[in-house]
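Take a look at the structure below.
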Amino acid sequence: MAHFSGHRQAAAEVPAHFKNLFTNGQLGGAEENNNNNNNPGNNNHNNNEQENRPDNDNNIGESEPACWIFGYGSLCWHPGFTYSKCITGYIRGYVRRFWQGNVTHRGCEKKPGRVATLVEDKEGITWGCAYRITGSTALEYLKQRECTLGGYATLDTKFFPRVASQDAPFSGEAVEVLVYVATPENIHWMGEAPVEELAKQIVTCRGPSGHNAEYLLRLALFMHEEIPGVRDEHLFELERLVLAELYSRGIPLSSVMGRNPDRIRRDSHEDIRRPPTFEFTSRVPDTKLRCLNI
């Protein structure tokens, strides 16, 4: 069973090397700049900066240091901050569980909602997406959203990109990311419960940011659309049960989903020029052959 081991607690604050990130600039910035310098035809670097959260004042500049943030819950479809790249992939050693309570976004004090956290499991893999951020504004925003209001702590781990190519930001190699995780020590922790009970609770909760069911269903939609073929049993079973519960209660799906979030351009490095490959070619084009009289 997934669990938190006593010897591996999430830190109460941002890890020291992340806290010092914006003075030394060693994480994430060098390989990104080298990649862009070696590819003069790449004009896609700033596309996401203009497309995603343009009203956020996270000052992005080529000379500023950067880091990566891993999202596995609402960050997958509603980051709320400016970023320069978004890459889908996974982390190891954790599984996603709806064991964290929420009273500020998807629930209230009398009826807390259920949101995702990560639980240690040495065989576990959790899929999501990593955002490259530059400057301190995004980290301050996330500290307020995830830690102060959400009850999450921080840890760092390795992120493995889904798409590996020579033009990927980290060349298909694992990169260190910052992750927000709720532990049993925080005041909003609700813990394990039968999925049927979780589904009923999710269907009956709503908060300032919207219905609790929207949080779950949009996260499941992210997995279906962005990472097809990957099974998340806990998430998908909750999705099935929540949809069934909404139907049995006569609650229209449109009444819980809210406004569609802004478009997120993920894995944009797939658009960058790459050498031709026949790896996924299912049929070789017809070719005319010419006989030579030798």
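Ordered as shown in the structure tokens, chains take letters A, B, and onward, while each chain numbers its residues from 1 and ligands are numbered from 1 in the order shown.
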With DSSP run on the backbone, what are the alpha helix (DSSP H) residues within region 81-245 of chain A? I'd like them as a PyMOL selection string. chain A and resi 137-142+195-203+212-226+233-245
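As for CA of Leu142 (chain A) and CA of His78 (chain A), they are spaced 12.0 Å apart.
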Using only C-alpha atoms, which protein or nucleic acid residues come within 10 Å of Pro79 (chain A)? Drop anything in the same chain fewer than 6 positions from it, and give the result as a PDB file with all heavy atoms, in the first residue's frame.
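Writing the result to result_17.pdb gives the following:
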ATOM      1  N   ASN A  52       0.120  32.040 -22.535  1.00  0.00           N
ATOM      2  CA  ASN A  52      -0.350  31.566 -21.248  1.00  0.00           C
ATOM      3  C   ASN A  52      -0.156  32.627 -20.177  1.00  0.00           C
ATOM      4  O   ASN A  52       0.951  33.041 -19.891  1.00  0.00           O
ATOM      5  CB  ASN A  52       0.418  30.302 -20.850  1.00  0.00           C
ATOM      6  CG  ASN A  52       0.176  29.192 -21.837  1.00  0.00           C
ATOM      7  OD1 ASN A  52      -0.863  28.573 -21.832  1.00  0.00           O
ATOM      8  ND2 ASN A  52       1.166  28.963 -22.702  1.00  0.00           N
ATOM      9  N   ARG A  53      -1.270  33.063 -19.584  1.00  0.00           N
ATOM     10  CA  ARG A  53      -1.277  34.021 -18.504  1.00  0.00           C
ATOM     11  C   ARG A  53      -0.491  35.285 -18.837  1.00  0.00           C
ATOM     12  O   ARG A  53       0.438  35.659 -18.125  1.00  0.00           O
ATOM     13  CB  ARG A  53      -0.713  33.395 -17.229  1.00  0.00           C
ATOM     14  CG  ARG A  53      -1.318  32.061 -16.865  1.00  0.00           C
ATOM     15  CD  ARG A  53      -2.800  32.131 -16.629  1.00  0.00           C
ATOM     16  NE  ARG A  53      -3.100  33.084 -15.576  1.00  0.00           N
ATOM     17  CZ  ARG A  53      -4.355  33.461 -15.271  1.00  0.00           C
ATOM     18  NH1 ARG A  53      -5.362  32.982 -15.940  1.00  0.00           N
ATOM     19  NH2 ARG A  53      -4.561  34.316 -14.305  1.00  0.00           N
ATOM     20  N   GLY A  71       3.468  19.738 -11.954  1.00  0.00           N
ATOM     21  CA  GLY A  71       2.054  19.790 -11.605  1.00  0.00           C
ATOM     22  C   GLY A  71       1.384  18.452 -11.850  1.00  0.00           C
ATOM     23  O   GLY A  71       1.607  17.824 -12.884  1.00  0.00           O
ATOM     24  N   GLY A  73      -2.032  18.064 -10.270  1.00  0.00           N
ATOM     25  CA  GLY A  73      -3.422  18.319  -9.908  1.00  0.00           C
ATOM     26  C   GLY A  73      -3.972  19.442 -10.767  1.00  0.00           C
ATOM     27  O   GLY A  73      -3.893  19.390 -11.994  1.00  0.00           O
ATOM     28  N   TYR A 131       6.469  22.823 -15.670  1.00  0.00           N
ATOM     29  CA  TYR A 131       6.498  24.177 -16.207  1.00  0.00           C
ATOM     30  C   TYR A 131       7.857  24.804 -15.938  1.00  0.00           C
ATOM     31  O   TYR A 131       8.380  24.727 -14.818  1.00  0.00           O
ATOM     32  CB  TYR A 131       5.426  25.050 -15.542  1.00  0.00           C
ATOM     33  CG  TYR A 131       4.011  24.617 -15.797  1.00  0.00           C
ATOM     34  CD1 TYR A 131       3.338  23.799 -14.893  1.00  0.00           C
ATOM     35  CD2 TYR A 131       3.323  25.058 -16.926  1.00  0.00           C
ATOM     36  CE1 TYR A 131       2.022  23.411 -15.110  1.00  0.00           C
ATOM     37  CE2 TYR A 131       2.011  24.684 -17.153  1.00  0.00           C
ATOM     38  CZ  TYR A 131       1.365  23.858 -16.246  1.00  0.00           C
ATOM     39  OH  TYR A 131       0.068  23.478 -16.465  1.00  0.00           O
ATOM     40  N   ALA A 138       6.431  33.743  -9.902  1.00  0.00           N
ATOM     41  CA  ALA A 138       5.657  32.502  -9.952  1.00  0.00           C
ATOM     42  C   ALA A 138       5.812  31.705  -8.662  1.00  0.00           C
ATOM     43  O   ALA A 138       4.841  31.137  -8.146  1.00  0.00           O
ATOM     44  CB  ALA A 138       6.072  31.657 -11.148  1.00  0.00           C
ATOM     45  N   LEU A 142       2.865  30.564  -6.140  1.00  0.00           N
ATOM     46  CA  LEU A 142       2.644  29.166  -5.779  1.00  0.00           C
ATOM     47  C   LEU A 142       2.756  28.944  -4.273  1.00  0.00           C
ATOM     48  O   LEU A 142       2.048  28.108  -3.708  1.00  0.00           O
ATOM     49  CB  LEU A 142       3.635  28.277  -6.522  1.00  0.00           C
ATOM     50  CG  LEU A 142       3.348  28.086  -8.008  1.00  0.00           C
ATOM     51  CD1 LEU A 142       4.550  27.463  -8.719  1.00  0.00           C
ATOM     52  CD2 LEU A 142       2.107  27.233  -8.219  1.00  0.00           C
ATOM     53  N   PRO A 261     -10.890  26.485 -19.215  1.00  0.00           N
ATOM     54  CA  PRO A 261      -9.611  27.147 -18.946  1.00  0.00           C
ATOM     55  C   PRO A 261      -8.914  27.560 -20.224  1.00  0.00           C
ATOM     56  O   PRO A 261      -9.250  27.099 -21.318  1.00  0.00           O
ATOM     57  CB  PRO A 261      -8.811  26.068 -18.201  1.00  0.00           C
ATOM     58  CG  PRO A 261      -9.396  24.776 -18.686  1.00  0.00           C
ATOM     59  CD  PRO A 261     -10.854  25.045 -18.914  1.00  0.00           C
ATOM     60  N   ASP A 262      -7.929  28.450 -20.086  1.00  0.00           N
ATOM     61  CA  ASP A 262      -7.152  28.894 -21.233  1.00  0.00           C
ATOM     62  C   ASP A 262      -6.387  27.722 -21.838  1.00  0.00           C
ATOM     63  O   ASP A 262      -6.005  26.781 -21.147  1.00  0.00           O
ATOM     64  CB  ASP A 262      -6.159  29.985 -20.823  1.00  0.00           C
ATOM     65  CG  ASP A 262      -6.862  31.255 -20.350  1.00  0.00           C
ATOM     66  OD1 ASP A 262      -8.017  31.462 -20.762  1.00  0.00           O
ATOM     67  OD2 ASP A 262      -6.252  32.009 -19.572  1.00  0.00           O
ATOM     68  N   ILE A 264      -3.458  25.565 -23.136  1.00  0.00           N
ATOM     69  CA  ILE A 264      -2.065  25.391 -22.736  1.00  0.00           C
ATOM     70  C   ILE A 264      -1.335  24.654 -23.847  1.00  0.00           C
ATOM     71  O   ILE A 264      -1.754  23.577 -24.262  1.00  0.00           O
ATOM     72  CB  ILE A 264      -1.950  24.596 -21.423  1.00  0.00           C
ATOM     73  CG1 ILE A 264      -2.597  25.381 -20.272  1.00  0.00           C
ATOM     74  CG2 ILE A 264      -0.486  24.303 -21.093  1.00  0.00           C
ATOM     75  CD1 ILE A 264      -2.584  24.633 -18.955  1.00  0.00           C
TER      76      ILE A 264
END
Strand (DSSP E) residues, from DSSP on the backbone, in region 97-218 of chain A, as JSON, numbers by chain: {"A": [97, 98, 99, 100, 101, 102, 113, 114, 115, 116, 117, 118, 119, 120, 121, 122, 123, 124, 125, 126, 127, 128, 129, 130, 131, 132, 133, 134, 153, 154, 155, 156, 157, 158, 159, 160, 161, 175, 176, 177, 178, 179, 180, 181, 206, 207, 210, 211]}
Contact residues around Ile187 (chain A) with only C-alpha atoms at 12 Å, ignoring same-chain residues under 4 positions, as number ranges by chain: A: 100-103, 109, 112, 147-153, 182-183, 191
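Near Lys85 (chain A), within 7 Å and counting only C-alpha atoms, sit Asn48, Tyr83, Ile87, Tyr131 and Arg132 of chain A; same-chain residues fewer than 2 positions away were not included.
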Env of Phe222 (chain A): 10 Å cut, atoms = only C-alpha atoms, seq-sep filter 2 positions within chain, self excluded. Answer as a PyMOL selection string. chain A and resi 72-74+76-77+128-129+217-220+224-228
Write a file of the selected residues as a PDB file, in the first residue's frame, keeping N, CA and C atoms.
ATOM      1  N   TYR A  72       0.569  18.009 -10.896  1.00  0.00           N
ATOM      2  CA  TYR A  72      -0.138  16.738 -11.025  1.00  0.00           C
ATOM      3  C   TYR A  72      -1.609  16.859 -10.645  1.00  0.00           C
ATOM      4  N   GLY A  73      -2.032  18.064 -10.270  1.00  0.00           N
ATOM      5  CA  GLY A  73      -3.422  18.319  -9.908  1.00  0.00           C
ATOM      6  C   GLY A  73      -3.972  19.442 -10.767  1.00  0.00           C
ATOM      7  N   SER A  74      -4.479  20.494 -10.122  1.00  0.00           N
ATOM      8  CA  SER A  74      -5.049  21.603 -10.884  1.00  0.00           C
ATOM      9  C   SER A  74      -3.998  22.348 -11.704  1.00  0.00           C
ATOM     10  N   CYS A  76      -2.118  21.113 -13.751  1.00  0.00           N
ATOM     11  CA  CYS A  76      -2.109  20.520 -15.094  1.00  0.00           C
ATOM     12  C   CYS A  76      -2.991  21.292 -16.060  1.00  0.00           C
ATOM     13  N   TRP A  77      -4.063  21.877 -15.559  1.00  0.00           N
ATOM     14  CA  TRP A  77      -4.978  22.572 -16.465  1.00  0.00           C
ATOM     15  C   TRP A  77      -5.229  24.033 -16.079  1.00  0.00           C
ATOM     16  N   GLY A 128       2.090  13.951 -15.165  1.00  0.00           N
ATOM     17  CA  GLY A 128       1.609  15.324 -15.078  1.00  0.00           C
ATOM     18  C   GLY A 128       2.383  16.167 -16.068  1.00  0.00           C
ATOM     19  N   CYS A 129       2.683  17.395 -15.695  1.00  0.00           N
ATOM     20  CA  CYS A 129       3.454  18.253 -16.582  1.00  0.00           C
ATOM     21  C   CYS A 129       4.370  19.161 -15.766  1.00  0.00           C
ATOM     22  N   LEU A 217     -12.680  16.129 -12.733  1.00  0.00           N
ATOM     23  CA  LEU A 217     -12.983  15.806 -14.122  1.00  0.00           C
ATOM     24  C   LEU A 217     -12.007  16.472 -15.095  1.00  0.00           C
ATOM     25  N   ARG A 218     -11.576  17.680 -14.789  1.00  0.00           N
ATOM     26  CA  ARG A 218     -10.601  18.335 -15.673  1.00  0.00           C
ATOM     27  C   ARG A 218      -9.230  17.677 -15.563  1.00  0.00           C
ATOM     28  N   LEU A 219      -8.892  17.178 -14.390  1.00  0.00           N
ATOM     29  CA  LEU A 219      -7.639  16.448 -14.239  1.00  0.00           C
ATOM     30  C   LEU A 219      -7.686  15.146 -15.036  1.00  0.00           C
ATOM     31  N   ALA A 220      -8.819  14.439 -14.960  1.00  0.00           N
ATOM     32  CA  ALA A 220      -8.979  13.215 -15.741  1.00  0.00           C
ATOM     33  C   ALA A 220      -8.950  13.514 -17.242  1.00  0.00           C
ATOM     34  N   HIS A 224      -6.594  11.936 -20.236  1.00  0.00           N
ATOM     35  CA  HIS A 224      -7.151  11.304 -21.434  1.00  0.00           C
ATOM     36  C   HIS A 224      -6.627  11.953 -22.714  1.00  0.00           C
ATOM     37  N   GLU A 225      -6.541  13.288 -22.711  1.00  0.00           N
ATOM     38  CA  GLU A 225      -6.190  14.007 -23.932  1.00  0.00           C
ATOM     39  C   GLU A 225      -4.686  14.131 -24.141  1.00  0.00           C
ATOM     40  N   GLU A 226      -3.951  14.399 -23.084  1.00  0.00           N
ATOM     41  CA  GLU A 226      -2.534  14.685 -23.223  1.00  0.00           C
ATOM     42  C   GLU A 226      -1.650  13.443 -23.098  1.00  0.00           C
ATOM     43  N   ILE A 227      -2.086  12.459 -22.314  1.00  0.00           N
ATOM     44  CA  ILE A 227      -1.269  11.266 -22.100  1.00  0.00           C
ATOM     45  C   ILE A 227      -2.141  10.028 -22.324  1.00  0.00           C
ATOM     46  N   PRO A 228      -2.694   9.863 -23.509  1.00  0.00           N
ATOM     47  CA  PRO A 228      -3.556   8.718 -23.778  1.00  0.00           C
ATOM     48  C   PRO A 228      -2.791   7.405 -23.667  1.00  0.00           C
TER      49      PRO A 228
END
Using only C-alpha atoms, the best pick from A:Cys205, A:Leu241, A:Val195, A:Leu139 as closest to Gly113 (chain A) would be A:Cys205
Quick one: of A:Leu221, A:Ala174, A:Ile133, A:Leu246, who's nearest to Gln201 (chain A), counting only C-alpha atoms? A:Leu246
